[in-house]
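The block underneath contains the structure these notes are about, expressed in structure tokens.
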Amino acid sequence: MLVRLLYASRAVDASPEAIESILAQSRQHNPVSGITGILCYGGGIFLQAIEGGRTQVSDLFGHIQRDKRHREVVLLHYEEILERRFGGWSMGQVNLSKANHTLLLKYSEKPELDPYSVSGKVSLALLEDLMATAAICGRV
């Protein structure tokens with residue numbers, strides 16, 4: 001059974017090297033586990049959708065909750081799915097610097113990434129819009 005999980009967290013270390021380390025680890029681990037997804041990062045906040053088998057997604061989310069590189073990990077949305085929405089990426093990355101800030105304003109009170117202040121469905125809609133309009137890095 002396929003599931004999709006959406007979560008938000010705050011970065012403990014917001015350096016480009018730390019973010020790249022998280023992405024590199026995801027891209028190495030996820031294909032083996034059948035996990036696909038997309039990561040959006042901005043303003044010290046991660047917004048990530050992960051898809052795959054229920055057990056694998058649950059195990060990965062448990063690992064993320066224990067990962068010292070993340071704090072304030074919050075589950076935003078979880079659902080059974082018929083097909084993957086982010087199946088093309090072992091872990092795609094939305095480049096927020098190339099996104100039009102009016103797109104962020106479409107889903108939030110301010111033109112900034114803040115999944116803590118909106119519903120999980122709104123965050124998922126934002127991710128889908130960002131994926132469609134912003135540059136995706138690392139389509140590995």
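By convention here, the chains of the structure tokens are called A, B, ... in the order presented, each chain's residues are numbered starting at 1, and ligands are numbered starting at 1 in the order presented.
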Contacts of Gln65 (chain A) within 12 Å, only C-alpha atoms, excl. fewer than 6 positions in-chain, as a PDB file with N, CA and C atoms, in the first residue's frame:
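As a result, around_24.pdb now contains:
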```
ATOM      1  N   TYR A   7       5.516  16.616   6.205  1.00  0.00           N
ATOM      2  CA  TYR A   7       5.912  17.135   7.507  1.00  0.00           C
ATOM      3  C   TYR A   7       6.679  18.445   7.353  1.00  0.00           C
ATOM      4  N   ALA A   8       6.789  19.155   8.448  1.00  0.00           N
ATOM      5  CA  ALA A   8       7.612  20.364   8.520  1.00  0.00           C
ATOM      6  C   ALA A   8       8.580  20.192   9.677  1.00  0.00           C
ATOM      7  N   SER A   9       9.734  20.827   9.551  1.00  0.00           N
ATOM      8  CA  SER A   9      10.690  20.867  10.657  1.00  0.00           C
ATOM      9  C   SER A   9      11.557  22.112  10.503  1.00  0.00           C
ATOM     10  N   ARG A  10      12.240  22.430  11.568  1.00  0.00           N
ATOM     11  CA  ARG A  10      13.179  23.553  11.538  1.00  0.00           C
ATOM     12  C   ARG A  10      14.597  22.990  11.507  1.00  0.00           C
ATOM     13  N   SER A  58       6.775   5.201   7.280  1.00  0.00           N
ATOM     14  CA  SER A  58       6.686   5.321   8.739  1.00  0.00           C
ATOM     15  C   SER A  58       8.070   5.229   9.384  1.00  0.00           C
ATOM     16  N   ASP A  59       8.874   4.274   8.921  1.00  0.00           N
ATOM     17  CA  ASP A  59      10.238   4.128   9.456  1.00  0.00           C
ATOM     18  C   ASP A  59      11.072   5.376   9.182  1.00  0.00           C
ATOM     19  N   ARG A  71      14.512  19.986  14.216  1.00  0.00           N
ATOM     20  CA  ARG A  71      13.811  20.230  15.476  1.00  0.00           C
ATOM     21  C   ARG A  71      12.388  20.659  15.136  1.00  0.00           C
ATOM     22  N   GLU A  72      11.515  20.572  16.100  1.00  0.00           N
ATOM     23  CA  GLU A  72      10.106  20.923  15.903  1.00  0.00           C
ATOM     24  C   GLU A  72       9.502  20.192  14.699  1.00  0.00           C
ATOM     25  N   VAL A  73       9.728  18.892  14.634  1.00  0.00           N
ATOM     26  CA  VAL A  73       9.177  18.075  13.551  1.00  0.00           C
ATOM     27  C   VAL A  73       7.673  17.909  13.787  1.00  0.00           C
ATOM     28  N   VAL A  74       6.875  18.285  12.783  1.00  0.00           N
ATOM     29  CA  VAL A  74       5.417  18.241  12.893  1.00  0.00           C
ATOM     30  C   VAL A  74       4.836  17.503  11.689  1.00  0.00           C
ATOM     31  N   LEU A  75       4.006  16.502  11.956  1.00  0.00           N
ATOM     32  CA  LEU A  75       3.281  15.811  10.904  1.00  0.00           C
ATOM     33  C   LEU A  75       2.151  16.716  10.431  1.00  0.00           C
TER      34      LEU A  75
END
```
Check your understanding: In chain A, what's strand (DSSP E) per DSSP? Answer as a PyMOL selection string?
Key -> chain A and resi 2-11+36-42+45-53+70-81+92-94+136-137
Any chance you can output those residues with C-alpha atoms as an mmCIF file, in the first residue's frame?
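Now in selection.cif:
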```cif
data_model
loop_
_atom_site.group_PDB
_atom_site.id
_atom_site.type_symbol
_atom_site.label_atom_id
_atom_site.label_comp_id
_atom_site.auth_asym_id
_atom_site.auth_seq_id
_atom_site.Cartn_x
_atom_site.Cartn_y
_atom_site.Cartn_z
ATOM 1 C CA LEU A 2 1.320 3.427 -0.971
ATOM 2 C CA VAL A 3 1.128 6.401 1.381
ATOM 3 C CA ARG A 4 2.143 10.056 1.309
ATOM 4 C CA LEU A 5 3.397 11.868 4.387
ATOM 5 C CA LEU A 6 3.975 15.599 4.646
ATOM 6 C CA TYR A 7 5.912 17.135 7.507
ATOM 7 C CA ALA A 8 7.612 20.364 8.520
ATOM 8 C CA SER A 9 10.690 20.867 10.657
ATOM 9 C CA ARG A 10 13.179 23.553 11.538
ATOM 10 C CA ALA A 11 16.826 23.169 10.584
ATOM 11 C CA THR A 36 10.278 9.179 -3.425
ATOM 12 C CA GLY A 37 9.521 12.767 -2.544
ATOM 13 C CA ILE A 38 10.302 16.415 -2.654
ATOM 14 C CA LEU A 39 11.954 18.792 -0.207
ATOM 15 C CA CYS A 40 11.341 22.508 0.039
ATOM 16 C CA TYR A 41 13.636 24.606 2.207
ATOM 17 C CA GLY A 42 13.408 28.276 3.066
ATOM 18 C CA ILE A 45 12.183 25.538 7.577
ATOM 19 C CA PHE A 46 11.889 22.209 5.784
ATOM 20 C CA LEU A 47 8.645 21.176 4.111
ATOM 21 C CA GLN A 48 8.897 17.659 2.778
ATOM 22 C CA ALA A 49 6.581 15.142 1.135
ATOM 23 C CA ILE A 50 7.651 11.502 1.175
ATOM 24 C CA GLU A 51 5.890 8.666 -0.629
ATOM 25 C CA GLY A 52 6.279 4.914 -0.603
ATOM 26 C CA GLY A 53 5.175 1.815 1.240
ATOM 27 C CA HIS A 70 15.803 18.642 12.671
ATOM 28 C CA ARG A 71 13.811 20.230 15.476
ATOM 29 C CA GLU A 72 10.106 20.923 15.903
ATOM 30 C CA VAL A 73 9.177 18.075 13.551
ATOM 31 C CA VAL A 74 5.417 18.241 12.893
ATOM 32 C CA LEU A 75 3.281 15.811 10.904
ATOM 33 C CA LEU A 76 1.123 17.929 8.585
ATOM 34 C CA HIS A 77 -0.667 15.378 6.424
ATOM 35 C CA TYR A 78 -0.809 11.603 5.937
ATOM 36 C CA GLU A 79 -2.880 9.682 3.403
ATOM 37 C CA GLU A 80 -3.144 6.453 1.470
ATOM 38 C CA ILE A 81 -2.582 7.123 -2.236
ATOM 39 C CA GLY A 92 13.761 16.509 -5.510
ATOM 40 C CA GLN A 93 14.498 19.937 -4.097
ATOM 41 C CA VAL A 94 12.429 23.049 -4.711
ATOM 42 C CA ILE A 136 13.638 21.603 -9.215
ATOM 43 C CA CYS A 137 17.202 20.721 -8.328
#
```
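A straight line drawn from CA of Gly44 (chain A) to CA of Val12 (chain A) is 8.1 Å long.
Interatomic distance, CA of Glu109 (chain A) to CA of Ser123 (chain A): 12.9 Å.
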Check your understanding: Mind pulling up the distance from CA of Leu130 (chain A) to CA of Ile35 (chain A)?
Key -> 20.2 Å
